[in-house]
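Colleague: Below you'll find run_36.tsv; it's TSV, C-alpha atoms.
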```tsv
chain	number	residue	atom	x	y	z
R	1	MET	CA	-29.21	-239.57	75.83
R	2	THR	CA	-25.68	-238.93	77.01
R	3	VAL	CA	-24.68	-237.81	80.47
R	4	VAL	CA	-23.67	-234.42	79.06
R	5	GLU	CA	-27.08	-233.91	77.41
R	6	SER	CA	-28.87	-234.90	80.62
R	7	ALA	CA	-26.80	-232.42	82.58
R	8	GLN	CA	-27.55	-229.68	80.05
R	9	ARG	CA	-31.30	-230.34	80.17
R	10	PHE	CA	-31.26	-230.40	83.97
R	11	GLY	CA	-29.42	-227.08	84.01
R	12	GLU	CA	-31.95	-225.56	81.62
R	13	LYS	CA	-34.87	-226.71	83.77
R	14	THR	CA	-33.19	-225.32	86.86
R	15	ARG	CA	-32.61	-221.96	85.19
R	16	THR	CA	-36.22	-221.92	83.99
R	17	ARG	CA	-37.55	-222.58	87.49
R	18	ARG	CA	-35.31	-219.85	88.88
R	19	THR	CA	-36.52	-217.43	86.26
R	20	VAL	CA	-40.16	-218.27	87.02
R	21	ARG	CA	-39.59	-217.87	90.74
R	22	TRP	CA	-37.77	-214.58	90.19
R	23	ALA	CA	-40.54	-213.28	87.95
R	24	GLY	CA	-43.16	-214.40	90.48
R	25	GLY	CA	-41.26	-212.65	93.25
R	26	VAL	CA	-40.99	-209.44	91.25
R	27	LEU	CA	-44.71	-209.60	90.45
R	28	ALA	CA	-45.59	-210.16	94.13
R	29	VAL	CA	-43.43	-207.22	95.21
R	30	ALA	CA	-45.01	-205.06	92.51
R	31	LEU	CA	-48.52	-206.02	93.64
R	32	VAL	CA	-47.70	-205.28	97.28
R	33	ALA	CA	-46.14	-201.94	96.32
R	34	ALA	CA	-49.21	-201.08	94.25
R	35	LEU	CA	-51.52	-202.01	97.13
R	36	VAL	CA	-49.50	-199.91	99.59
R	37	TRP	CA	-49.60	-196.97	97.18
R	38	VAL	CA	-53.36	-197.28	96.69
R	39	VAL	CA	-54.12	-197.55	100.42
R	40	TRP	CA	-51.56	-195.16	101.90
R	41	PHE	CA	-50.69	-192.59	99.26
R	42	SER	CA	-53.27	-192.34	96.48
R	43	THR	CA	-56.59	-190.50	96.56
R	44	LEU	CA	-58.49	-193.63	95.48
R	45	LEU	CA	-59.28	-194.42	99.14
R	46	ALA	CA	-59.23	-190.83	100.41
R	47	VAL	CA	-61.74	-189.55	102.95
R	48	LYS	CA	-64.88	-188.25	101.29
R	49	ASP	CA	-67.17	-187.93	104.32
R	50	VAL	CA	-66.88	-187.38	108.08
R	51	ARG	CA	-69.98	-188.69	109.87
R	52	VAL	CA	-70.78	-187.69	113.44
R	53	LEU	CA	-73.02	-189.83	115.65
R	54	GLY	CA	-74.32	-189.14	119.16
R	55	ALA	CA	-73.97	-185.34	119.14
R	56	ARG	CA	-76.94	-183.55	120.69
R	57	SER	CA	-75.96	-180.36	122.50
R	58	VAL	CA	-72.70	-180.17	120.56
R	59	SER	CA	-73.17	-179.28	116.91
R	60	ILE	CA	-71.98	-181.66	114.21
R	61	ASP	CA	-70.04	-178.81	112.60
R	62	GLU	CA	-68.17	-178.18	115.86
R	63	VAL	CA	-67.18	-181.84	116.06
R	64	ARG	CA	-66.02	-181.87	112.44
R	65	GLN	CA	-64.00	-178.71	112.92
R	66	ALA	CA	-62.34	-180.12	116.03
R	67	ALA	CA	-61.63	-183.42	114.26
R	68	ALA	CA	-59.80	-181.55	111.47
R	69	VAL	CA	-59.89	-184.49	109.03
R	70	SER	CA	-58.90	-183.55	105.48
R	71	THR	CA	-61.23	-184.90	102.81
R	72	GLN	CA	-58.22	-185.51	100.56
R	73	GLN	CA	-56.33	-187.59	103.12
R	74	PRO	CA	-56.02	-191.36	102.54
R	75	LEU	CA	-58.37	-193.10	104.98
R	76	ALA	CA	-55.62	-195.41	106.25
R	77	ARG	CA	-53.42	-192.45	107.23
R	78	VAL	CA	-56.00	-190.67	109.38
R	79	ASP	CA	-54.66	-190.42	112.94
R	80	ALA	CA	-57.68	-191.85	114.78
R	81	ASP	CA	-56.13	-191.23	118.22
R	82	GLY	CA	-55.40	-187.63	117.30
R	83	VAL	CA	-58.96	-187.11	116.07
R	84	ALA	CA	-60.34	-188.60	119.30
R	85	ALA	CA	-58.09	-186.36	121.39
R	86	ARG	CA	-59.12	-183.19	119.54
R	87	VAL	CA	-62.85	-183.97	119.69
R	88	GLY	CA	-62.51	-185.09	123.31
R	89	ALA	CA	-61.17	-181.64	124.18
R	90	ILE	CA	-64.65	-180.21	123.59
R	91	PRO	CA	-65.92	-179.61	127.16
R	92	GLU	CA	-69.33	-181.21	126.54
R	93	VAL	CA	-67.78	-184.45	125.24
R	94	ALA	CA	-67.20	-187.31	127.68
R	95	SER	CA	-65.74	-189.90	125.28
R	96	VAL	CA	-65.04	-190.39	121.58
R	97	GLU	CA	-64.71	-193.42	119.32
R	98	VAL	CA	-63.25	-193.02	115.82
R	99	ARG	CA	-63.93	-195.69	113.20
R	100	ARG	CA	-62.85	-196.14	109.59
R	101	GLY	CA	-65.72	-196.91	107.24
R	102	TRP	CA	-64.08	-198.31	104.14
R	103	PRO	CA	-63.58	-197.20	101.52
R	104	ASP	CA	-63.89	-193.47	102.24
R	105	VAL	CA	-65.70	-192.55	105.49
R	106	ILE	CA	-64.53	-191.54	108.96
R	107	VAL	CA	-67.17	-192.14	111.64
R	108	ILE	CA	-66.91	-190.21	114.91
R	109	VAL	CA	-69.11	-191.53	117.73
R	110	VAL	CA	-69.53	-188.97	120.50
R	111	THR	CA	-70.81	-189.59	124.03
R	112	GLU	CA	-71.77	-186.32	125.66
R	113	ARG	CA	-71.52	-185.51	129.34
R	114	THR	CA	-74.67	-185.77	131.44
R	115	PRO	CA	-75.15	-182.82	133.81
R	116	VAL	CA	-75.96	-183.75	137.41
R	117	ALA	CA	-75.54	-180.35	139.07
R	118	VAL	CA	-74.43	-176.77	138.52
R	119	THR	CA	-71.74	-174.70	140.19
R	120	ARG	CA	-70.34	-171.19	139.96
R	121	VAL	CA	-67.11	-170.30	138.20
R	122	GLY	CA	-66.56	-166.66	138.99
R	123	ALA	CA	-69.81	-164.90	138.21
R	124	ALA	CA	-71.01	-167.53	135.74
R	125	TRP	CA	-72.80	-170.86	136.10
R	126	THR	CA	-71.54	-174.11	134.64
R	127	TYR	CA	-72.74	-177.69	134.59
R	128	LEU	CA	-71.02	-180.56	136.41
R	129	ASP	CA	-71.12	-184.20	135.40
R	130	ALA	CA	-70.52	-187.17	137.70
R	131	THR	CA	-66.75	-186.69	137.43
R	132	ALA	CA	-67.02	-182.96	138.28
R	133	ALA	CA	-66.01	-181.98	134.75
R	134	ARG	CA	-67.25	-178.46	134.00
R	135	PHE	CA	-69.05	-177.71	130.75
R	136	GLY	CA	-71.69	-175.44	129.31
R	137	SER	CA	-72.84	-172.08	130.66
R	138	PRO	CA	-76.52	-171.94	131.64
R	139	ALA	CA	-77.91	-168.51	132.39
R	140	ALA	CA	-79.29	-169.83	135.70
R	141	PRO	CA	-79.48	-173.17	137.54
R	142	PRO	CA	-82.14	-175.34	135.85
R	143	LYS	CA	-85.13	-176.20	137.99
R	144	GLY	CA	-84.63	-179.45	139.89
R	145	MET	CA	-80.83	-179.46	139.50
R	146	PRO	CA	-78.82	-178.98	142.72
R	147	VAL	CA	-76.26	-176.22	143.15
R	148	VAL	CA	-72.84	-177.42	144.33
R	149	SER	CA	-70.22	-175.42	146.21
R	150	ALA	CA	-66.88	-176.81	147.32
R	151	SER	CA	-63.62	-175.60	148.78
R	152	SER	CA	-61.34	-177.59	146.46
R	153	ASP	CA	-61.34	-179.67	143.31
R	154	ALA	CA	-61.20	-182.85	145.40
R	155	ALA	CA	-64.20	-181.75	147.44
R	156	LEU	CA	-66.04	-180.77	144.24
R	157	ALA	CA	-65.39	-184.20	142.74
R	158	SER	CA	-66.73	-185.89	145.87
R	159	ALA	CA	-69.85	-183.72	145.90
R	160	ALA	CA	-70.55	-184.40	142.21
R	161	SER	CA	-70.12	-188.14	142.78
R	162	VAL	CA	-72.60	-188.05	145.66
R	163	VAL	CA	-75.18	-186.21	143.55
R	164	ALA	CA	-74.75	-188.71	140.72
R	165	ALA	CA	-75.24	-191.59	143.16
R	166	LEU	CA	-78.52	-190.28	144.57
R	167	PRO	CA	-81.71	-192.11	143.56
R	168	THR	CA	-84.21	-189.99	141.64
R	169	SER	CA	-86.62	-189.85	144.57
R	170	LEU	CA	-83.96	-188.24	146.75
R	171	GLY	CA	-82.11	-186.25	144.10
R	172	SER	CA	-85.32	-184.43	143.18
R	173	VAL	CA	-85.57	-182.84	146.66
R	174	VAL	CA	-81.90	-181.83	147.00
R	175	THR	CA	-81.44	-178.10	146.38
R	176	THR	CA	-77.81	-177.48	147.34
R	177	VAL	CA	-74.72	-179.54	148.06
R	178	SER	CA	-71.67	-178.24	149.88
R	179	ALA	CA	-68.33	-179.85	150.60
R	180	ARG	CA	-65.52	-178.47	152.74
R	181	THR	CA	-63.50	-181.64	152.11
R	182	ARG	CA	-64.01	-184.79	150.09
R	183	ASP	CA	-65.34	-186.52	153.25
R	184	ASP	CA	-67.64	-183.72	154.37
R	185	VAL	CA	-70.50	-183.51	151.87
R	186	VAL	CA	-73.68	-181.87	153.15
R	187	LEU	CA	-77.04	-181.88	151.32
R	188	THR	CA	-79.78	-179.31	151.79
R	189	LEU	CA	-83.30	-180.52	151.05
R	190	SER	CA	-86.15	-178.49	149.59
R	191	GLY	CA	-87.81	-178.20	153.00
R	192	GLY	CA	-84.68	-176.65	154.52
R	193	SER	CA	-83.42	-179.74	156.35
R	194	THR	CA	-79.75	-180.67	156.00
R	195	VAL	CA	-78.16	-184.08	155.57
R	196	GLN	CA	-74.64	-184.81	156.74
R	197	TRP	CA	-73.61	-187.28	154.03
R	198	GLY	CA	-69.87	-187.55	154.58
R	199	SER	CA	-67.93	-189.14	151.73
R	200	VAL	CA	-69.26	-190.76	148.57
R	201	ASP	CA	-68.48	-194.19	150.01
R	202	ASP	CA	-71.49	-196.45	150.63
R	203	SER	CA	-73.87	-193.93	149.04
R	204	GLY	CA	-76.43	-196.61	148.19
R	205	ARG	CA	-76.69	-197.66	151.82
R	206	LYS	CA	-76.85	-194.03	152.97
R	207	ALA	CA	-79.67	-193.27	150.55
R	208	ALA	CA	-81.71	-196.23	151.81
R	209	VAL	CA	-81.18	-195.20	155.44
R	210	LEU	CA	-82.08	-191.58	154.70
R	211	ALA	CA	-85.31	-192.66	152.98
R	212	SER	CA	-86.36	-194.29	156.27
R	213	LEU	CA	-85.26	-191.30	158.37
R	214	LEU	CA	-87.26	-188.87	156.23
R	215	LYS	CA	-90.44	-190.45	157.61
R	216	VAL	CA	-89.70	-188.35	160.66
R	217	LYS	CA	-89.50	-184.59	160.21
R	218	ALA	CA	-86.20	-183.22	161.48
R	219	ARG	CA	-83.98	-180.19	161.21
R	220	SER	CA	-80.98	-182.30	160.25
R	221	TYR	CA	-80.07	-185.88	159.45
R	222	ASP	CA	-76.69	-187.58	159.68
R	223	VAL	CA	-76.05	-190.68	157.57
R	224	SER	CA	-72.28	-190.31	157.31
R	225	ALA	CA	-72.12	-193.54	159.35
R	226	PRO	CA	-75.14	-195.34	157.84
R	227	ASP	CA	-75.20	-198.04	160.51
R	228	LEU	CA	-75.50	-195.37	163.22
R	229	PRO	CA	-77.69	-192.62	161.73
R	230	THR	CA	-78.88	-189.70	163.83
R	231	THR	CA	-81.38	-186.87	163.60
R	232	GLN	CA	-81.73	-183.51	165.33
R	233	GLY	CA	-84.80	-181.37	165.95
R	234	THR	CA	-87.18	-184.22	165.26
R	235	SER	CA	-90.96	-184.10	165.37
R	236	PRO	CA	-93.52	-186.60	164.09
R	237	LEU	CA	-94.88	-185.98	160.62
R	238	PRO	CA	-98.60	-185.10	160.59
R	239	ALA	CA	-100.84	-188.08	160.05
R	240	ALA	CA	-102.25	-188.46	156.57
R	241	SER	CA	-105.87	-187.30	156.38
```
So, in terms of structure tokens, how does the structure I just supplied come out?
Modeller:
Amino acid sequence: MTVVESAQRFGEKTRTRRTVRWAGGVLAVALVAALVWVVWFSTLLAVKDVRVLGARSVSIDEVRQAAAVSTQQPLARVDADGVAARVGAIPEVASVEVRRGWPDVIVIVVTERTPVAVTRVGAAWTYLDATAARFGSPAAPPKGMPVVSASSDAALASAASVVAALPTSLGSVVTTVSARTRDDVVLTLSGGSTVQWGSVDDSGRKAAVLASLLKVKARSYDVSAPDLPTTQGTSPLPAAS
């Protein structure tokens, strides 16, 4: 084989390899383009169902309407953050998680607010959760749920936090909660006694101290400084028969 023939064969092999690589590259680009089209633009992976989990007081239809997810929209193009924001705007909803269930399902997981008290807004009642978010409109305060009044949003938030921090044994005997400031929360108990609670800080300690103080009947209790509690109008509780 001459040098010229060797050079020709080498050139042919080189051109063949280049052609194969070029064809492979074109095929790879075509496959990627096809995949992008299928996932992002075609109806092959479009939303066919919107599932709602965790909704109790809020209807599933209300959540779906707020989510506003089109059943013809490609699943990959659903704005999950936008869906969460729209559903989260429902007053009864505390948090939202949006998941994609391939190939064609959007799953919306709702966590509803838990009412801890009620308060008035104008002439109407509304629930409060632990963050003082207002939601719902009961006709009257439910039995066993305290009524909160406050002079400002900050005071309302502090009062709601105090109620949420109360143990069940104490919360069940609290009828009203008032707050002139965030550091001046006052509880009224079912027997008419009042409790100067102060701020929400150290509520666990305050509750434990108050449980001990309640062994003595008094007109008022002050646990705003739990290491130095006081009572007024005290009298011994009658002995158990």
Colleague: Quick one: pull the distance between atom CA of Ser95 of chain R and atom CA of Val109 of chain R, Å, one decimal.
Modeller: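 Computing the Euclidean distance for atom CA of Ser95 of chain R and atom CA of Val109 of chain R yields 8.4 Å.
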Colleague: If we count all atoms listed in the file and set the cut-off at 7 Å, which residues sit around Val98 of chain R, ignoring sequence neighbours fewer than 6 positions away in its own chain? Please answer as a PDB file with C-alpha atoms, in the coordinates of the input.
Modeller:
```
ATOM      1  CA  ALA R  80     -57.680-191.850 114.780  1.00  0.00           C
ATOM      2  CA  ALA R  84     -60.340-188.600 119.300  1.00  0.00           C
ATOM      3  CA  VAL R 107     -67.170-192.140 111.640  1.00  0.00           C
ATOM      4  CA  ILE R 108     -66.910-190.210 114.910  1.00  0.00           C
ATOM      5  CA  VAL R 109     -69.110-191.530 117.730  1.00  0.00           C
TER       6      VAL R 109
END
```
Colleague: List the residues sitting within 9 Å of (-75.8, -179.8, 143.0) in the file's frame, using only C-alpha atoms, as a PDB file with C-alpha atoms, keeping the file's coordinate frame.
Modeller:
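Writing done, so here's result-v4.pdb:
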```
ATOM      1  CA  VAL R 116     -75.960-183.750 137.410  1.00  0.00           C
ATOM      2  CA  ALA R 117     -75.540-180.350 139.070  1.00  0.00           C
ATOM      3  CA  VAL R 118     -74.430-176.770 138.520  1.00  0.00           C
ATOM      4  CA  THR R 119     -71.740-174.700 140.190  1.00  0.00           C
ATOM      5  CA  LEU R 128     -71.020-180.560 136.410  1.00  0.00           C
ATOM      6  CA  MET R 145     -80.830-179.460 139.500  1.00  0.00           C
ATOM      7  CA  PRO R 146     -78.820-178.980 142.720  1.00  0.00           C
ATOM      8  CA  VAL R 147     -76.260-176.220 143.150  1.00  0.00           C
ATOM      9  CA  VAL R 148     -72.840-177.420 144.330  1.00  0.00           C
ATOM     10  CA  SER R 149     -70.220-175.420 146.210  1.00  0.00           C
ATOM     11  CA  ALA R 159     -69.850-183.720 145.900  1.00  0.00           C
ATOM     12  CA  ALA R 160     -70.550-184.400 142.210  1.00  0.00           C
ATOM     13  CA  VAL R 163     -75.180-186.210 143.550  1.00  0.00           C
ATOM     14  CA  VAL R 174     -81.900-181.830 147.000  1.00  0.00           C
ATOM     15  CA  THR R 175     -81.440-178.100 146.380  1.00  0.00           C
ATOM     16  CA  THR R 176     -77.810-177.480 147.340  1.00  0.00           C
ATOM     17  CA  VAL R 177     -74.720-179.540 148.060  1.00  0.00           C
ATOM     18  CA  SER R 178     -71.670-178.240 149.880  1.00  0.00           C
ATOM     19  CA  LEU R 187     -77.040-181.880 151.320  1.00  0.00           C
TER      20      LEU R 187
END
```
Colleague: To one decimal place, how far is atom CA of Leu166 of chain R from atom CA of Asp201 of chain R in Å?
Modeller: 12.1 Å
Colleague: Please report the interatomic distance between atom CA of Gln72 of chain R and atom CA of Ile60 of chain R in Å with one decimal.
Modeller: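 Here the two named atoms are 19.8 Å from each other.
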Colleague: For Leu170 of chain R, which of R:Pro91, R:Gly101, R:Gly204, R:Pro138 is the closest residue, counting all atoms listed in the file?
Modeller: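 For Leu170 of chain R, the nearest of the candidates is R:Gly204.
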Colleague: Find the residues around Ser193 of chain R up to 6 Å (all atoms listed in the file counted), leave out those fewer than 2 positions away in its own chain, and share them as a PDB file with C-alpha atoms, in the frame of the given file.
Modeller:
```pdb
ATOM      1  CA  THR R 188     -79.780-179.310 151.790  1.00  0.00           C
ATOM      2  CA  LEU R 189     -83.300-180.520 151.050  1.00  0.00           C
ATOM      3  CA  GLY R 191     -87.810-178.200 153.000  1.00  0.00           C
ATOM      4  CA  ARG R 219     -83.980-180.190 161.210  1.00  0.00           C
ATOM      5  CA  SER R 220     -80.980-182.300 160.250  1.00  0.00           C
TER       6      SER R 220
END
```
Colleague: Show me as a list in words the residues that reach within 9 Å of (-80.3, -189.2, 159.4), counting only C-alpha atoms and using the file's own coordinates.
Modeller: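 The residues that fall inside the cut-off are Val195, Gln196, Trp197, Lys206, Val209, Leu210, Ala211, Ser212, Leu213, Leu214, Ala218, Ser220, Tyr221, Asp222, Val223, Ser224, Pro226, Leu228, Pro229, Thr230, Thr231 and Gln232 of chain R.
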Colleague: Have a look at R:Phe135, R:Gly192, R:Ala94, R:Val69 and name the one nearest to Gly82 of chain R; count all atoms listed in the file.
Modeller: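 Of all the options, R:Val69 lies closest to Gly82 of chain R.
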Colleague: For each of R:Lys215, R:Arg99, R:Lys48, R:Arg134, take the minimum atom-to-atom distance to Gln73 of chain R, counting only C-alpha atoms, then give the residue where this is smallest.
Modeller: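 Checking each candidate against Gln73 of chain R, we get R:Lys48 as the closest.
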Colleague: Which one is closest to Ala89 of chain R: R:Val110, R:Val121, R:Ala140, R:Val162? Count only C-alpha atoms.
Modeller: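 Answer, going by the shortest atom-to-atom distance: R:Val110.
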Colleague: From the list R:Gly233, R:Ser199, R:Ser190, R:Gly136, which residue is nearest Val216 of chain R when using only C-alpha atoms?
Modeller: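 With only C-alpha atoms as the atom set, the closest residue is R:Gly233.
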Colleague: Using only C-alpha atoms, find the one residue out of R:Val87, R:Ala76, R:Val47, R:Ala157 that sits nearest to Asp61 of chain R.
Modeller: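 Residue with the minimum atom-to-atom distance to Asp61 of chain R: R:Val87.
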